[in-house]
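Report on one structure; see the data block that follows.
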Amino acid sequence: MKLVKIEVGTGNNTRPMLTFSQRGIFTLNAAMADLIKFKKGDHLIFLKDEEKPKNWFITLSKNEGFPIQVLKSGKYTTRKFQRKTLFEVMRKTLTIPDSCNTFLIGSEIIIEGISYYPLTLNRS
């Protein structure tokens with residue numbers, strides 16, 4: 001007999017993601033917060049490419065955009081904000097199917113010294 005150890009992840013997703021709900025609740029996972037260098041007090045700004053309106057991006061700001069709540073419960077930290085109107089605009093522009101609730105965060109793009117991160121719908 002040869003025994004093989006079964007390993008299962010902790011459930012923490014290491015891919016940078018922004019999840020959203022039909023009620024307009026947006027949540028940043030820890031990997032996303034690390035990638036974009038989020039700090040408590042930062043705001044999230046959403047942008048779209050004027051020439052290619054289906055290309056959306058995010059960037060951080062200290063005073064513009066959507067303020068992000070940081071809640072701690074034991075060893076867990078949640079980073080979120082709620083804007084139903086933002087979700088509605090995104091749903092129309094990006095044709096988000098009801099079964100989709102996640103944006104994958106792409107690699108940093110620097111334009112004029114500002115970091116932007118592309119949003120890609122996770123349709124799987």
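Numbering starts fresh at 1 for the residues of each chain in the structure tokens, the chains themselves are lettered A, B, ... in the order given, and ligands are numbered from 1 as they appear.
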
Can you write out as a tab-separated table which residues of range 26-55 of chain A fall within 12 Å of range 91-106 of chain A, alongside each residue's closest atom pair and its distance in Å to one decimal, counting only C-alpha atoms and ordering rows by chain and ascending residue number?
residue	atom	partner	partner_atom	distance
A:Phe26	CA	A:Thr102	CA	9.3
A:Thr27	CA	A:Thr102	CA	9.4
A:Leu28	CA	A:Phe103	CA	9.9
A:Asn29	CA	A:Ile105	CA	10.4
A:Ala30	CA	A:Ile105	CA	11.9
A:Ala31	CA	A:Ile105	CA	9.4
A:Met32	CA	A:Ile105	CA	6.9
A:Ala33	CA	A:Ile105	CA	10.3
A:Asp34	CA	A:Ile105	CA	11.3
A:Leu35	CA	A:Ile105	CA	8.6
A:Ile36	CA	A:Ile105	CA	9.1
A:Lys48	CA	A:Thr93	CA	9.7
A:Asp49	CA	A:Thr93	CA	11.5
A:Glu50	CA	A:Thr93	CA	11.9
A:Lys52	CA	A:Thr93	CA	10.7
A:Pro53	CA	A:Thr93	CA	7.2
A:Lys54	CA	A:Leu94	CA	5.7
A:Asn55	CA	A:Leu94	CA	8.6

Given the selection you just returned, output its residues as a file containing all heavy atoms, formatted as a compact mmCIF listing (two decimals), in the first residue's frame.
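And here's out06.txt as it stands now:
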# COMPACT_ATOMS: atom_id res chain seq x y z
N PHE A 26 -19.56 45.69 -3.82
CA PHE A 26 -18.28 45.34 -4.42
C PHE A 26 -17.30 44.99 -3.31
O PHE A 26 -17.19 45.72 -2.33
CB PHE A 26 -17.72 46.52 -5.23
CG PHE A 26 -18.53 46.84 -6.46
CD1 PHE A 26 -19.69 47.61 -6.37
CD2 PHE A 26 -18.14 46.38 -7.70
CE1 PHE A 26 -20.43 47.92 -7.50
CE2 PHE A 26 -18.88 46.68 -8.83
CZ PHE A 26 -20.03 47.45 -8.73
N THR A 27 -16.60 43.87 -3.47
CA THR A 27 -15.65 43.40 -2.45
C THR A 27 -14.30 43.12 -3.08
O THR A 27 -14.20 42.41 -4.09
CB THR A 27 -16.19 42.12 -1.78
OG1 THR A 27 -17.51 42.37 -1.28
CG2 THR A 27 -15.30 41.70 -0.63
N LEU A 28 -13.24 43.67 -2.48
CA LEU A 28 -11.87 43.45 -2.93
C LEU A 28 -11.30 42.29 -2.13
O LEU A 28 -11.36 42.31 -0.90
CB LEU A 28 -11.00 44.67 -2.63
CG LEU A 28 -11.22 45.98 -3.36
CD1 LEU A 28 -12.51 46.65 -2.97
CD2 LEU A 28 -10.06 46.90 -3.08
N ASN A 29 -10.77 41.27 -2.81
CA ASN A 29 -10.12 40.21 -2.05
C ASN A 29 -8.71 40.65 -1.66
O ASN A 29 -8.20 41.68 -2.12
CB ASN A 29 -10.15 38.86 -2.80
CG ASN A 29 -9.17 38.76 -3.95
OD1 ASN A 29 -8.56 39.73 -4.38
ND2 ASN A 29 -9.02 37.55 -4.46
N ALA A 30 -8.08 39.90 -0.77
CA ALA A 30 -6.76 40.26 -0.24
C ALA A 30 -5.72 40.35 -1.35
O ALA A 30 -4.87 41.25 -1.34
CB ALA A 30 -6.33 39.25 0.82
N ALA A 31 -5.78 39.44 -2.33
CA ALA A 31 -4.81 39.46 -3.43
C ALA A 31 -4.95 40.74 -4.26
O ALA A 31 -3.96 41.33 -4.68
CB ALA A 31 -4.99 38.23 -4.32
N MET A 32 -6.18 41.20 -4.45
CA MET A 32 -6.39 42.46 -5.18
C MET A 32 -5.85 43.63 -4.37
O MET A 32 -5.17 44.51 -4.91
CB MET A 32 -7.87 42.67 -5.46
CG MET A 32 -8.15 44.01 -6.14
SD MET A 32 -9.90 44.30 -6.34
CE MET A 32 -9.89 45.99 -6.91
N ALA A 33 -6.16 43.65 -3.08
CA ALA A 33 -5.68 44.74 -2.21
C ALA A 33 -4.16 44.82 -2.25
O ALA A 33 -3.58 45.91 -2.32
CB ALA A 33 -6.19 44.54 -0.79
N ASP A 34 -3.50 43.67 -2.23
CA ASP A 34 -2.04 43.64 -2.30
C ASP A 34 -1.54 44.14 -3.66
O ASP A 34 -0.61 44.94 -3.72
CB ASP A 34 -1.51 42.23 -2.06
CG ASP A 34 -1.69 41.76 -0.63
OD1 ASP A 34 -1.93 42.60 0.27
OD2 ASP A 34 -1.61 40.53 -0.39
N LEU A 35 -2.16 43.66 -4.73
CA LEU A 35 -1.72 44.03 -6.07
C LEU A 35 -1.80 45.54 -6.30
O LEU A 35 -0.86 46.14 -6.82
CB LEU A 35 -2.56 43.30 -7.13
CG LEU A 35 -2.28 43.69 -8.58
CD1 LEU A 35 -0.91 43.18 -9.01
CD2 LEU A 35 -3.36 43.16 -9.51
N ILE A 36 -2.91 46.15 -5.93
CA ILE A 36 -3.10 47.58 -6.20
C ILE A 36 -2.52 48.46 -5.09
O ILE A 36 -2.63 49.67 -5.15
CB ILE A 36 -4.58 47.92 -6.48
CG1 ILE A 36 -5.44 47.75 -5.24
CG2 ILE A 36 -5.12 47.10 -7.65
CD1 ILE A 36 -6.88 48.24 -5.41
N LYS A 48 -13.36 53.91 -18.00
CA LYS A 48 -13.48 53.07 -19.19
C LYS A 48 -12.80 53.78 -20.35
O LYS A 48 -12.69 55.01 -20.37
CB LYS A 48 -14.92 52.72 -19.51
CG LYS A 48 -15.81 53.85 -19.90
CD LYS A 48 -17.20 53.34 -20.22
CE LYS A 48 -18.11 54.50 -20.56
NZ LYS A 48 -19.40 54.06 -21.02
N ASP A 49 -12.32 53.00 -21.28
CA ASP A 49 -11.64 53.51 -22.46
C ASP A 49 -12.70 54.12 -23.38
O ASP A 49 -13.65 53.44 -23.77
CB ASP A 49 -10.90 52.36 -23.15
CG ASP A 49 -10.05 52.81 -24.33
OD1 ASP A 49 -10.36 53.86 -24.93
OD2 ASP A 49 -9.09 52.10 -24.63
N GLU A 50 -12.54 55.39 -23.71
CA GLU A 50 -13.50 56.09 -24.56
C GLU A 50 -13.62 55.43 -25.93
O GLU A 50 -14.70 55.34 -26.50
CB GLU A 50 -13.06 57.55 -24.71
CG GLU A 50 -14.14 58.50 -25.09
CD GLU A 50 -13.66 59.94 -25.02
OE1 GLU A 50 -12.52 60.23 -25.44
OE2 GLU A 50 -14.45 60.76 -24.53
N LYS A 52 -12.79 52.21 -26.64
CA LYS A 52 -13.23 50.82 -26.48
C LYS A 52 -13.99 50.73 -25.16
O LYS A 52 -13.45 50.33 -24.13
CB LYS A 52 -12.03 49.87 -26.47
CG LYS A 52 -11.25 49.86 -27.76
CD LYS A 52 -10.06 48.94 -27.66
CE LYS A 52 -9.25 48.99 -28.95
NZ LYS A 52 -8.02 48.20 -28.84
N PRO A 53 -15.28 51.10 -25.15
CA PRO A 53 -16.05 51.21 -23.90
C PRO A 53 -16.18 49.93 -23.08
O PRO A 53 -16.53 49.98 -21.91
CB PRO A 53 -17.42 51.70 -24.35
CG PRO A 53 -17.37 51.89 -25.81
CD PRO A 53 -16.04 51.46 -26.32
N LYS A 54 -15.85 48.78 -23.66
CA LYS A 54 -15.90 47.54 -22.89
C LYS A 54 -14.61 47.31 -22.10
O LYS A 54 -14.52 46.36 -21.32
CB LYS A 54 -16.20 46.35 -23.80
CG LYS A 54 -17.63 46.40 -24.33
CD LYS A 54 -18.06 45.07 -24.86
CE LYS A 54 -19.46 45.11 -25.41
NZ LYS A 54 -20.50 45.03 -24.42
N ASN A 55 -13.62 48.16 -22.29
CA ASN A 55 -12.37 48.08 -21.54
C ASN A 55 -12.46 49.00 -20.32
O ASN A 55 -12.43 50.23 -20.45
CB ASN A 55 -11.17 48.48 -22.41
CG ASN A 55 -10.90 47.48 -23.50
OD1 ASN A 55 -11.48 46.40 -23.55
ND2 ASN A 55 -10.02 47.83 -24.41

List as a list in words the protein and nucleic acid residues near Ile45 in chain A, meaning an atom at most 10 Å away when only C-alpha atoms are counted, but skip any in the same chain fewer than 4 places from it.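 My list of contacting residues is Phe57, Ile58, Thr59, Leu60, Ser61, Asn63, Glu64, Gly65, Phe66, Pro67 and Tyr116 of chain A.
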
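We find CA of Lys39 in chain A and CA of Met90 in chain A to be spaced 24.8 Å apart.
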
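The protein and nucleic acid residues lying at most 8 Å from Gly24 in chain A are Gln82, Arg83, Lys84, Thr85, Leu86, Phe87 and Glu88 of chain A, with only C-alpha atoms considered and sequence neighbours fewer than 6 positions away removed.
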
Restricted to N, CA, C and O atoms, what would the selected residues look like written as a CSV table (one decimal), in the first residue's frame?
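For reference, part09.csv as written:
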chain,number,residue,atom,x,y,z
A,82,GLN,N,-20.6,49.9,-1.5
A,82,GLN,CA,-21.9,49.6,-2.2
A,82,GLN,C,-22.3,50.8,-3.0
A,82,GLN,O,-22.4,51.9,-2.6
A,83,ARG,N,-22.5,50.5,-4.3
A,83,ARG,CA,-23.0,51.5,-5.3
A,83,ARG,C,-23.8,50.7,-6.4
A,83,ARG,O,-23.3,50.3,-7.3
A,84,LYS,N,-25.1,50.7,-6.2
A,84,LYS,CA,-26.0,50.0,-7.1
A,84,LYS,C,-26.0,50.7,-8.5
A,84,LYS,O,-26.0,50.0,-9.5
A,85,THR,N,-25.9,52.0,-8.5
A,85,THR,CA,-25.9,52.7,-9.8
A,85,THR,C,-24.6,52.3,-10.6
A,85,THR,O,-24.7,52.2,-11.8
A,86,LEU,N,-23.5,52.2,-9.9
A,86,LEU,CA,-22.3,51.8,-10.6
A,86,LEU,C,-22.5,50.4,-11.2
A,86,LEU,O,-22.1,50.1,-12.4
A,87,PHE,N,-23.0,49.5,-10.5
A,87,PHE,CA,-23.3,48.1,-11.0
A,87,PHE,C,-24.2,48.2,-12.2
A,87,PHE,O,-24.0,47.5,-13.2
A,88,GLU,N,-25.3,49.0,-12.2
A,88,GLU,CA,-26.2,49.1,-13.3
A,88,GLU,C,-25.5,49.6,-14.5
A,88,GLU,O,-25.7,49.1,-15.6
